[in-house]
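Asker: One file: run.cif (mmCIF, C-alpha atoms).
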data_upload
loop_
_atom_site.label_atom_id
_atom_site.label_comp_id
_atom_site.auth_asym_id
_atom_site.auth_seq_id
_atom_site.Cartn_x
_atom_site.Cartn_y
_atom_site.Cartn_z
CA MET T 228 -16.13 -26.44 20.48
CA LEU T 229 -19.77 -27.06 21.36
CA GLN T 230 -21.51 -24.97 24.04
CA THR T 231 -24.70 -26.75 25.12
CA GLU T 232 -26.66 -27.94 28.10
CA THR T 233 -27.90 -31.07 26.35
CA SER T 234 -27.27 -34.58 27.57
CA LYS T 235 -24.01 -36.42 27.39
CA SER T 236 -25.29 -38.70 24.66
CA ARG T 237 -25.87 -35.62 22.51
CA LYS T 238 -22.28 -34.50 23.07
CA GLU T 239 -21.12 -37.95 22.16
CA LYS T 240 -23.13 -37.65 18.96
CA PHE T 241 -21.47 -34.30 18.26
CA ASP T 242 -18.02 -35.73 18.94
CA ALA T 243 -18.70 -38.66 16.64
CA TYR T 244 -19.79 -36.30 13.86
CA ILE T 245 -16.63 -34.22 14.25
CA ALA T 246 -14.46 -37.33 14.39
CA GLY T 247 -16.00 -38.65 11.17
CA ASN T 248 -14.03 -39.01 7.99
CA SER T 249 -15.33 -35.91 6.22
CA SER T 250 -18.01 -33.26 6.12
CA LYS T 251 -20.78 -33.29 3.52
CA HIS T 252 -21.12 -29.79 2.11
CA ILE T 253 -18.79 -27.31 3.84
CA ILE T 254 -15.26 -27.58 5.20
CA ASN T 255 -16.07 -26.55 8.78
CA LYS T 256 -17.55 -29.70 10.31
CA GLU T 257 -18.61 -28.02 13.57
CA LEU T 258 -20.65 -25.45 11.69
CA GLU T 259 -22.16 -28.18 9.52
CA TRP T 260 -23.21 -29.99 12.69
CA LEU T 261 -24.93 -26.84 13.91
CA ILE T 262 -26.74 -26.49 10.58
CA GLU T 263 -27.76 -30.14 10.35
CA GLU T 264 -28.31 -31.15 13.99
CA GLY T 265 -28.15 -28.05 16.18
CA ASN T 266 -30.88 -27.08 18.64
CA ILE T 267 -32.08 -23.56 19.34
CA ARG T 268 -29.55 -21.58 21.44
CA GLU T 269 -26.78 -24.05 20.71
CA SER T 270 -23.59 -22.42 19.44
CA ILE T 271 -20.09 -23.11 18.27
CA TYR T 272 -17.11 -20.79 18.37
CA PHE T 273 -13.63 -20.64 16.92
CA LYS T 274 -10.68 -18.32 17.28
CA GLY T 275 -9.29 -16.37 14.36
CA GLU T 276 -6.29 -17.67 12.46
CA THR T 277 -2.83 -16.06 12.37
CA GLY T 278 -3.24 -12.31 11.94
CA ASP T 279 -6.75 -12.45 13.36
CA ARG T 280 -6.14 -14.04 16.74
CA TYR T 281 -7.84 -11.32 18.76
CA THR T 282 -11.18 -12.23 17.18
CA ILE T 283 -13.51 -15.01 18.35
CA TYR T 284 -16.29 -16.01 15.95
CA ILE T 285 -19.55 -17.29 17.44
CA ALA T 286 -22.29 -19.04 15.46
CA SER T 287 -25.55 -19.41 17.43
CA ARG T 288 -28.79 -21.00 16.33
CA ARG T 289 -31.51 -18.38 16.74
CA ASN T 290 -34.44 -20.58 15.65
CA ASN T 291 -35.14 -23.55 13.42
CA ASN T 292 -34.14 -21.62 10.31
CA ILE T 293 -31.48 -19.03 11.20
CA ILE T 294 -27.96 -19.12 12.62
CA ASP T 295 -26.37 -15.82 13.66
CA PHE T 296 -22.65 -15.06 13.32
CA THR T 297 -21.22 -12.56 15.80
CA THR T 298 -17.68 -11.73 16.87
CA VAL T 299 -15.97 -11.00 20.16
CA GLN T 300 -12.86 -8.85 20.07
CA ASN T 301 -10.35 -10.17 22.60
CA SER T 302 -7.97 -7.21 22.49
CA TYR T 303 -4.36 -7.09 23.67
CA HIS T 304 -5.28 -5.11 26.79
CA HIS T 305 -7.48 -8.03 27.90
CA GLY T 306 -10.75 -6.21 27.31
CA THR T 307 -13.54 -7.74 25.24
CA GLU T 308 -16.13 -6.16 22.99
CA LEU T 309 -19.17 -7.77 21.41
CA ALA T 310 -19.66 -6.66 17.83
CA ASN T 311 -22.80 -6.54 15.74
CA THR T 312 -24.00 -9.53 13.81
CA ILE T 313 -21.64 -9.99 10.87
CA ALA T 314 -23.59 -12.69 9.01
CA THR T 315 -26.55 -15.05 9.15
CA LEU T 316 -27.09 -18.56 7.83
CA ARG T 317 -30.48 -19.76 6.61
CA GLY T 318 -29.76 -23.38 5.92
CA TYR T 319 -26.63 -23.20 3.79
CA ILE T 320 -27.32 -19.69 2.48
CA LEU T 321 -24.82 -17.24 3.98
CA THR T 322 -25.79 -13.54 4.08
CA MET T 323 -23.15 -10.96 5.01
CA HIS T 324 -24.38 -8.11 7.24
CA GLY T 325 -21.42 -6.42 8.92
CA SER T 326 -17.78 -5.56 8.60
CA GLY T 327 -16.44 -6.60 11.98
CA TYR T 328 -14.05 -4.19 13.65
CA SER T 329 -12.31 -2.57 10.70
CA TRP T 330 -12.28 1.24 10.51
CA ASN T 331 -12.94 0.89 6.78
CA PRO T 332 -16.34 -0.78 6.14
CA GLU T 333 -15.53 -1.72 2.53
CA TYR T 334 -12.22 -3.31 3.50
CA GLY T 335 -13.64 -4.70 6.74
CA LEU T 336 -16.50 -6.67 5.20
CA GLY T 337 -14.19 -8.31 2.68
CA ASN T 338 -11.65 -9.07 5.36
CA THR T 339 -14.34 -10.52 7.65
CA PHE T 340 -15.59 -12.74 4.83
CA LYS T 341 -12.01 -13.85 4.19
CA GLN T 342 -11.60 -14.79 7.86
CA LEU T 343 -14.79 -16.88 7.75
CA MET T 344 -13.37 -18.66 4.69
CA ARG T 345 -10.17 -19.37 6.61
CA GLN T 346 -12.32 -21.04 9.25
CA GLY T 347 -13.82 -23.34 6.65
CA VAL T 348 -17.07 -21.45 6.09
CA MET T 349 -17.09 -22.24 2.38
CA SER T 350 -18.14 -24.91 -0.09
CA LYS T 351 -16.25 -28.17 0.02
CA ALA T 352 -17.08 -29.25 -3.53
CA HIS T 353 -17.12 -25.79 -5.14
CA PRO T 354 -14.49 -23.66 -3.37
CA TRP T 355 -13.83 -20.05 -4.29
CA LYS T 356 -10.87 -17.72 -3.92
CA ILE T 357 -10.47 -14.27 -2.41
CA LYS T 358 -7.67 -11.74 -2.78
CA TYR T 359 -7.03 -8.09 -2.05
CA CYS T 360 -6.45 -6.20 -5.30
CA ARG T 361 -5.06 -2.65 -4.93
CA SER T 362 -8.09 -1.13 -3.20
CA ALA T 363 -10.72 -3.84 -2.71
CA PHE T 364 -11.22 -7.52 -1.93
CA MET T 365 -12.29 -9.68 -4.86
CA ILE T 366 -14.01 -13.05 -4.75
CA LYS T 367 -13.71 -15.41 -7.70
CA LEU T 368 -16.18 -18.30 -7.71
CA GLU T 369 -15.62 -21.66 -9.32
CA ASP T 370 -17.78 -20.68 -12.32
CA GLY T 371 -15.56 -17.63 -13.00
CA THR T 372 -17.87 -15.02 -11.46
CA GLU T 373 -15.79 -12.28 -9.83
CA PHE T 374 -17.03 -9.47 -7.59
CA THR T 375 -16.23 -7.36 -4.55
CA PRO T 376 -17.91 -8.47 -1.29
CA PHE T 377 -20.86 -6.29 -0.32
CA LYS T 378 -23.28 -5.89 2.55
CA GLY T 379 -26.27 -8.15 1.94
CA MET T 380 -24.51 -10.55 -0.43
CA GLN T 381 -25.82 -14.10 -0.36
CA ILE T 382 -23.74 -17.16 -1.19
CA ASP T 383 -24.90 -20.77 -1.33
CA LEU T 384 -22.26 -22.58 0.70
CA ARG T 385 -23.08 -25.92 -0.92
CA LYS T 386 -23.02 -24.83 -4.57
CA GLY T 387 -20.54 -21.95 -4.23
CA THR T 388 -22.77 -19.56 -6.16
CA LEU T 389 -23.76 -15.92 -5.68
CA LEU T 390 -27.54 -15.61 -5.30
CA ASN T 391 -28.00 -11.83 -5.69
CA LYS T 392 -26.49 -9.06 -7.79
CA PRO T 393 -23.72 -6.84 -6.36
CA ILE T 394 -24.92 -3.44 -5.17
CA ARG T 395 -23.79 -0.21 -6.84
CA SER T 396 -20.96 0.53 -4.39
CA SER T 397 -19.60 -3.00 -4.85
CA VAL T 398 -19.59 -2.65 -8.63
CA LYS T 399 -17.85 0.73 -8.35
CA ALA T 400 -15.22 -0.65 -5.96
CA TYR T 401 -14.61 -3.60 -8.30
CA ILE T 402 -14.21 -1.41 -11.38
CA THR T 403 -11.91 1.00 -9.54
CA ALA T 404 -9.69 -1.80 -8.25
CA LYS T 405 -9.47 -3.52 -11.64
CA THR T 406 -8.73 -0.24 -13.42
CA THR T 407 -6.06 0.68 -10.87
CA ASP T 408 -4.55 -2.78 -11.15
CA ARG T 409 -4.47 -2.63 -14.96
CA ILE T 410 -2.80 0.80 -14.92
CA GLN T 411 -0.26 -0.24 -12.30
CA ARG T 412 0.60 -3.46 -14.14
CA LYS T 413 1.24 -1.45 -17.31
CA ARG T 414 3.42 0.96 -15.34
CA ASN T 415 5.35 -1.94 -13.84
CA ARG T 416 5.97 -3.44 -17.30
CA ILE T 417 7.31 -0.13 -18.61
CA ALA T 418 9.39 0.44 -15.46
CA ASN T 419 10.84 -3.08 -15.67
CA LYS T 420 11.71 -2.51 -19.34
CA ASN T 421 13.39 0.82 -18.57
CA ASN T 422 15.31 -0.69 -15.66
CA THR T 423 16.35 -3.81 -17.61
CA GLU T 424 17.63 -1.79 -20.56
CA ALA T 425 19.50 0.62 -18.26
CA LEU T 426 21.10 -2.31 -16.42
CA GLN T 427 22.22 -3.83 -19.71
CA ARG T 428 23.81 -0.55 -20.82
CA TYR T 429 25.54 -0.29 -17.44
CA ARG T 430 26.96 -3.83 -17.79
CA ASP T 431 27.98 -3.33 -21.44
CA ALA T 432 29.87 -0.19 -20.38
CA GLY T 433 31.89 -2.22 -17.87
CA GLY T 434 29.87 -1.42 -14.75
CA ASP T 435 29.22 -3.90 -11.96
CA THR T 436 25.46 -4.28 -11.50
CA SER T 437 26.01 -6.66 -8.57
CA GLN T 438 26.27 -3.48 -6.51
CA ALA T 439 22.50 -3.25 -6.86
CA ARG T 440 22.21 -6.29 -4.60
CA GLN T 441 24.78 -5.22 -2.00
CA TRP T 442 23.27 -3.53 1.04
CA ASN T 443 26.58 -1.88 1.93
CA ALA T 444 27.55 -0.69 -1.57
CA GLN T 445 28.97 2.83 -1.57
CA PRO T 446 28.08 5.41 -4.26
CA GLY T 447 30.95 5.96 -6.68
CA GLU T 448 32.51 2.59 -5.88
CA GLY T 449 33.92 0.73 -8.91
CA ILE T 450 33.08 3.36 -11.55
CA GLU T 451 36.66 4.10 -12.64
CA ASN T 452 36.68 1.64 -15.57
CA ILE T 453 33.21 2.38 -16.94
CA ASN T 454 32.90 3.64 -20.50
CA TRP T 455 30.54 6.51 -19.79
CA ASP T 456 30.00 7.23 -23.49
CA MET T 457 27.74 4.15 -23.49
CA ILE T 458 25.56 5.38 -20.60
CA PRO T 459 23.21 8.30 -21.32
CA ILE T 460 22.74 10.76 -18.50
CA ASP T 461 18.97 10.20 -18.35
CA ASP T 462 19.55 6.59 -17.24
CA VAL T 463 19.70 8.11 -13.77
CA PHE T 464 15.89 8.28 -13.97
CA LYS T 465 15.48 4.70 -15.24
CA HIS T 466 17.45 2.69 -12.70
CA ARG T 467 15.46 1.45 -9.74
CA ASN T 468 18.56 0.89 -7.64
CA ALA T 469 19.73 3.93 -5.69
CA THR T 470 23.42 2.94 -5.78
CA LEU T 471 23.51 2.77 -9.58
CA ARG T 472 21.63 6.07 -9.83
CA SER T 473 24.16 7.61 -7.47
CA ASN T 474 27.05 6.28 -9.56
CA ILE T 475 25.69 7.94 -12.70
CA LEU T 476 25.09 11.17 -10.81
CA GLU T 477 28.58 10.95 -9.33
CA HIS T 478 30.07 10.86 -12.81
CA TYR T 479 27.98 13.48 -14.59
CA GLY T 480 27.33 15.78 -11.64
CA MET T 481 24.15 17.53 -10.59
CA ASP T 482 24.94 20.63 -12.64
CA ALA T 483 25.13 18.69 -15.91
CA LEU T 484 21.95 16.76 -15.09
CA LEU T 485 19.89 19.84 -14.32
CA LYS T 486 20.93 21.42 -17.59
CA THR T 487 19.15 18.58 -19.44
CA LEU T 488 15.83 19.19 -17.66
CA LYS T 489 13.02 21.66 -18.18
CA TYR T 490 12.73 24.38 -15.57
CA ASP T 491 11.23 27.80 -14.86
CA THR T 492 13.13 30.60 -13.20
CA VAL T 493 10.77 31.67 -10.42
CA ASP T 494 12.96 34.27 -8.68
CA ILE T 495 16.20 36.19 -9.17
CA ASP T 496 17.95 38.12 -6.39
CA PHE T 497 21.32 39.69 -5.63
CA ILE T 498 22.86 39.03 -2.24
CA ASP T 499 26.11 40.82 -1.38
CA GLY T 500 26.53 41.61 -5.07
CA ARG T 501 26.16 37.97 -6.19
CA GLU T 502 23.36 36.70 -8.38
CA TYR T 503 21.11 33.89 -7.17
CA LYS T 504 18.32 32.18 -9.11
CA LEU T 505 15.57 29.90 -7.87
CA LEU T 506 14.61 27.29 -10.46
CA ASN T 507 11.48 25.11 -10.45
CA VAL T 508 12.75 21.95 -12.15
CA GLU T 509 10.60 19.30 -13.83
CA ILE T 510 11.98 15.91 -12.74
CA PRO T 511 11.03 12.78 -14.76
CA ASP T 512 9.77 9.67 -12.97
CA GLU T 513 10.68 6.94 -15.49
CA SER T 514 11.63 4.37 -12.84
CA SER T 515 7.92 4.06 -11.93
CA GLY T 516 6.88 3.32 -15.50
CA THR T 517 4.96 6.55 -15.99
CA SER T 518 5.45 9.62 -18.11
CA ASP T 519 4.72 11.71 -15.04
CA SER T 520 7.10 14.19 -13.49
CA TYR T 521 7.24 16.17 -10.29
CA LYS T 522 8.61 19.57 -9.36
CA GLY T 523 11.65 20.38 -7.30
CA LEU T 524 13.17 23.75 -6.38
CA TYR T 525 16.90 24.30 -6.94
CA LEU T 526 18.99 27.28 -5.94
CA GLU T 527 21.45 28.31 -8.66
CA MET T 528 24.52 30.18 -7.42
CA LEU T 529 27.18 31.81 -9.57
CA ASN T 530 30.79 31.30 -8.54
CA PRO T 531 32.34 34.78 -8.96
CA SER T 532 35.84 33.34 -9.33
CA THR T 533 35.15 30.84 -12.13
CA GLY T 534 31.85 32.07 -13.51
CA GLU T 535 30.41 28.55 -13.15
CA SER T 536 26.93 27.84 -11.89
CA HIS T 537 26.33 25.54 -8.93
CA PHE T 538 22.98 24.04 -7.95
CA GLU T 539 21.62 23.07 -4.58
CA GLY T 540 18.27 21.38 -3.95
CA VAL T 541 15.97 23.07 -1.44
CA ALA T 542 12.53 22.31 -0.01
CA ASN T 543 9.47 23.11 -2.08
CA ALA T 544 7.25 26.07 -1.36
CA ALA T 545 3.89 25.67 0.34
CA GLY T 546 1.13 25.17 -2.21
CA THR T 547 3.45 24.00 -5.00
CA PRO T 548 1.45 21.64 -7.24
CA ASN T 549 2.77 18.22 -8.29
CA ARG T 550 5.73 18.36 -5.93
CA GLY T 551 5.95 14.62 -5.28
CA GLY T 552 7.99 13.67 -2.23
CA TRP T 553 9.80 16.98 -2.07
CA SER T 554 7.47 18.46 0.53
CA SER T 555 7.77 17.73 4.22
CA GLY T 556 8.36 19.65 7.39
CA GLY T 557 10.43 22.77 6.90
CA GLU T 558 8.97 23.88 3.55
CA LEU T 559 9.42 27.37 2.16
CA GLN T 560 6.64 29.86 2.80
CA SER T 561 7.14 31.23 -0.71
CA ALA T 562 9.30 30.43 -3.73
CA THR T 563 11.92 33.17 -3.30
CA VAL T 564 15.71 33.21 -3.27
CA LYS T 565 15.82 34.59 0.28
CA ALA T 566 13.42 31.91 1.55
CA ALA T 567 15.62 29.26 -0.09
CA LEU T 568 18.74 30.73 1.51
CA SER T 569 16.95 30.84 4.86
CA TRP T 570 16.10 27.15 4.48
CA ARG T 571 19.64 26.26 3.41
CA ASP T 572 21.23 28.10 6.34
CA GLY T 573 18.65 26.94 8.88
CA ASP T 574 17.70 30.51 9.85
CA GLY T 575 14.10 29.53 10.64
CA MET T 576 15.21 26.72 12.91
CA ILE T 577 17.66 28.94 14.75
CA GLN T 578 15.12 31.70 15.33
CA THR T 579 12.21 29.46 16.39
CA GLY T 580 14.09 26.63 18.07
CA GLN T 581 12.15 24.14 15.93
CA THR T 582 13.69 21.54 13.66
CA TRP T 583 11.43 19.42 11.46
CA ASN T 584 8.59 21.94 11.00
CA ALA T 585 10.31 25.34 11.01
CA THR T 586 9.26 27.41 8.00
CA SER T 587 11.62 29.53 5.95
CA SER T 588 10.69 32.86 4.39
CA SER T 589 12.19 36.01 2.90
CA THR T 590 11.61 37.84 6.17
CA ASN T 591 13.54 35.44 8.42
CA TYR T 592 16.58 35.20 6.14
CA VAL T 593 19.75 36.41 7.89
CA PRO T 594 22.45 37.68 5.47
CA PRO T 595 25.92 36.42 6.34
CA VAL T 596 28.26 38.86 8.04
CA LYS T 597 31.75 39.26 6.65
CA MET T 598 34.45 38.53 9.18
CA THR T 599 37.33 41.04 9.18
#
As structure tokens, what does this structure read like?
Answerer:
Amino acid sequence: MLQTETSKSRKEKFDAYIAGNSSKHIINKELEWLIEEGNIRESIYFKGETGDRYTIYIASRRNNNIIDFTTVQNSYHHGTELANTIATLRGYILTMHGSGYSWNPEYGLGNTFKQLMRQGVMSKAHPWKIKYCRSAFMIKLEDGTEFTPFKGMQIDLRKGTLLNKPIRSSVKAYITAKTTDRIQRKRNRIANKNNTEALQRYRDAGGDTSQARQWNAQPGEGIENINWDMIPIDDVFKHRNATLRSNILEHYGMDALLKTLKYDTVDIDFIDGREYKLLNVEIPDESSGTSDSYKGLYLEMLNPSTGESHFEGVANAAGTPNRGGWSSGGELQSATVKAALSWRDGDGMIQTGQTWNATSSSTNYVPPVKMT
């Protein structure tokens, strides 16, 4: 849309240009009009595309040489805010200056540039592509040049070429994103291989892997006819599907699984004459394609009648390194048997009246009272 106080014949000329068959150099014909024919203080504006509809982009001719790009944020509460200049055009040379409204400047500048592209602010004959890769936006030009958008970058909209070298932070962001992407792709390949091989073993043993695609599948369902000699216990760490992992765990049991893992005994205590141990177990993470592991605390209890050990998972202690997703509200203040028992029995929650963030410690453990 053209905002101008010029004569009607000029508007007719603008309308004729827009109604023409095609633009010359860039996809956005209104912007090309402003570059080719615009007068000082003339402007065009366009609303953001899907996902960016609260933003209005305004291109205004400052003088005979420069066009300024600014944005107006039309927020959901009906307020508006005028942002700083995000870019300038000198002829067909686009220079990026700002990152719009994003809280993250590195992400914001790339996203702003992407939104301009979506509005047709790009070469018609030499288009480029942009994508978000792990941690940074990446632009790939027609000639194969690839880089992360940066403040001050200059692109020739007609030729689709980068006119200046990326700054240090842009190079660093590019290298970090590519390295992260390469590592993650390798992890995904390994994880897919582990999962595929585990699925094949499950099928060969007579298991139904269609459960992996059923949202209402129940753990333990349909495992009666499986030949478990063909399924190693550590497949529980290789399956990506929770139902199949649960089925393996249902068969072997937590006690048998923990006996195959490395662990440290971090505390031993006797409560009411019974021995309790607190074990810090190293849990593999093969379903993610890494050789990493994380720590999880388990309480080992001895059944005085049978002499068998039973294990129960508890929250990790505060400050435990490499504890993965085992830490959340309600962690143990220290890795002790009494703190674990306090957590298991909910003593901290009962005493404080809190639920999700009540801590458990040796001091707030309440020994059970025998009923006579």
Asker: Of the candidates T:Glu513, T:Tyr359, T:Tyr490, T:Ile394, which one gets nearest to Asn419 of chain T if we count only C-alpha atoms?
Answerer: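 Counting only C-alpha atoms, the residue closest to Asn419 of chain T is T:Glu513.
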Asker: Could you check how far atom CA of Thr388 of chain T sits from atom CA of Ala286 of chain T, in Å to one decimal?
Answerer: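 Atom CA of Ala286 of chain T lies 21.6 Å from atom CA of Thr388 of chain T.
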Asker: Need the shell around Gly337 of chain T: protein/DNA/RNA residues with any atom at most 12 Å away, counting all atoms listed in the file. Skip same-chain ones fewer than 6 positions apart. Format as a PyMOL selection string?
Answerer: chain T and resi 313+323-329+331+343-344+356-360+362-366+374-378+380+397+400-401
Asker: So which residues touch Lys420 of chain T within 10 Å, counting all atoms listed in the file, skipping near sequence neighbours fewer than 4 positions away, as a VMD selection string?
Answerer: chain T and resid 414 to 416 424 to 426 465 514 516
Asker: Could you take the residues named above and write them with C-alpha atoms, as a tab-separated table (two decimals), in the coordinates of the input?
Answerer:
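Just written: out20.tsv:
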chain	number	residue	atom	x	y	z
T	414	ARG	CA	3.42	0.96	-15.34
T	415	ASN	CA	5.35	-1.94	-13.84
T	416	ARG	CA	5.97	-3.44	-17.30
T	424	GLU	CA	17.63	-1.79	-20.56
T	425	ALA	CA	19.50	0.62	-18.26
T	426	LEU	CA	21.10	-2.31	-16.42
T	465	LYS	CA	15.48	4.70	-15.24
T	514	SER	CA	11.63	4.37	-12.84
T	516	GLY	CA	6.88	3.32	-15.50
Asker: Would you compute the distance between atom CA of Asp499 of chain T and atom CA of Ser532 of chain T? Give it in Å to one decimal.
Answerer: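 Computing it gives 14.6 Å between the two atoms.
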Asker: Which of these residues is nearest to Gln300 of chain T, using only C-alpha atoms: T:Asp279, T:Asp456, T:Asp383, T:Glu535?
Answerer: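 Among the listed residues, T:Asp279 lies closest to Gln300 of chain T.
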Asker: Using all atoms listed in the file, can you tell me which of T:Thr298, T:Thr403, T:Asn454, T:Ser287 comes closest to Arg317 of chain T?
Answerer: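 Of T:Thr298, T:Thr403, T:Asn454, T:Ser287, the one nearest Arg317 of chain T is T:Ser287, counting all atoms listed in the file.
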Asker: Using Å and a single decimal, report how far atom CA of Leu258 of chain T sits from atom CA of Ala352 of chain T.
Answerer: 16.1 Å
Asker: Find, counting all atoms listed in the file, the residue in T:Ile262, T:Gln346, T:Glu269, T:His353 that gets nearest to Thr315 of chain T.
Answerer: T:Ile262
Asker: May I have the residues at most 9 Å from (20.8, 19.4, -12.4) in the file's coordinates, counting all atoms listed in the file, as a list in words?
Answerer: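 The distance filter leaves exactly Gly480, Met481, Asp482, Ala483, Leu484, Leu485, Lys486, Thr487, Leu488, Val508, Tyr525, His537, Phe538 and Glu539 of chain T.
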Asker: Find the residues around Gly278 of chain T up to 12 Å (all atoms listed in the file counted), leave out those fewer than 4 positions away in its own chain, and share them as a compact mmCIF listing (two decimals) with C-alpha atoms, in the frame of the given file.
Answerer:
# COMPACT_ATOMS: atom_id res chain seq x y z
CA LYS T 274 -10.68 -18.32 17.28
CA THR T 282 -11.18 -12.23 17.18
CA ASN T 338 -11.65 -9.07 5.36
CA LYS T 341 -12.01 -13.85 4.19
CA GLN T 342 -11.60 -14.79 7.86
CA ARG T 345 -10.17 -19.37 6.61
Asker: What residues come out when you apply the PyMOL selection byres ((chain T and resi 578) around 12) to this file, written as a PyMOL selection string?
Answerer: chain T and resi 569-570+572-577+579-582+585-588+590-593
Asker: Gly318 of chain T: which residues within 9 Å, counting all atoms listed in the file, same-chain residues fewer than 4 positions away excluded, as a ChimeraX atom specification?
Answerer: /T:262-263,292-294
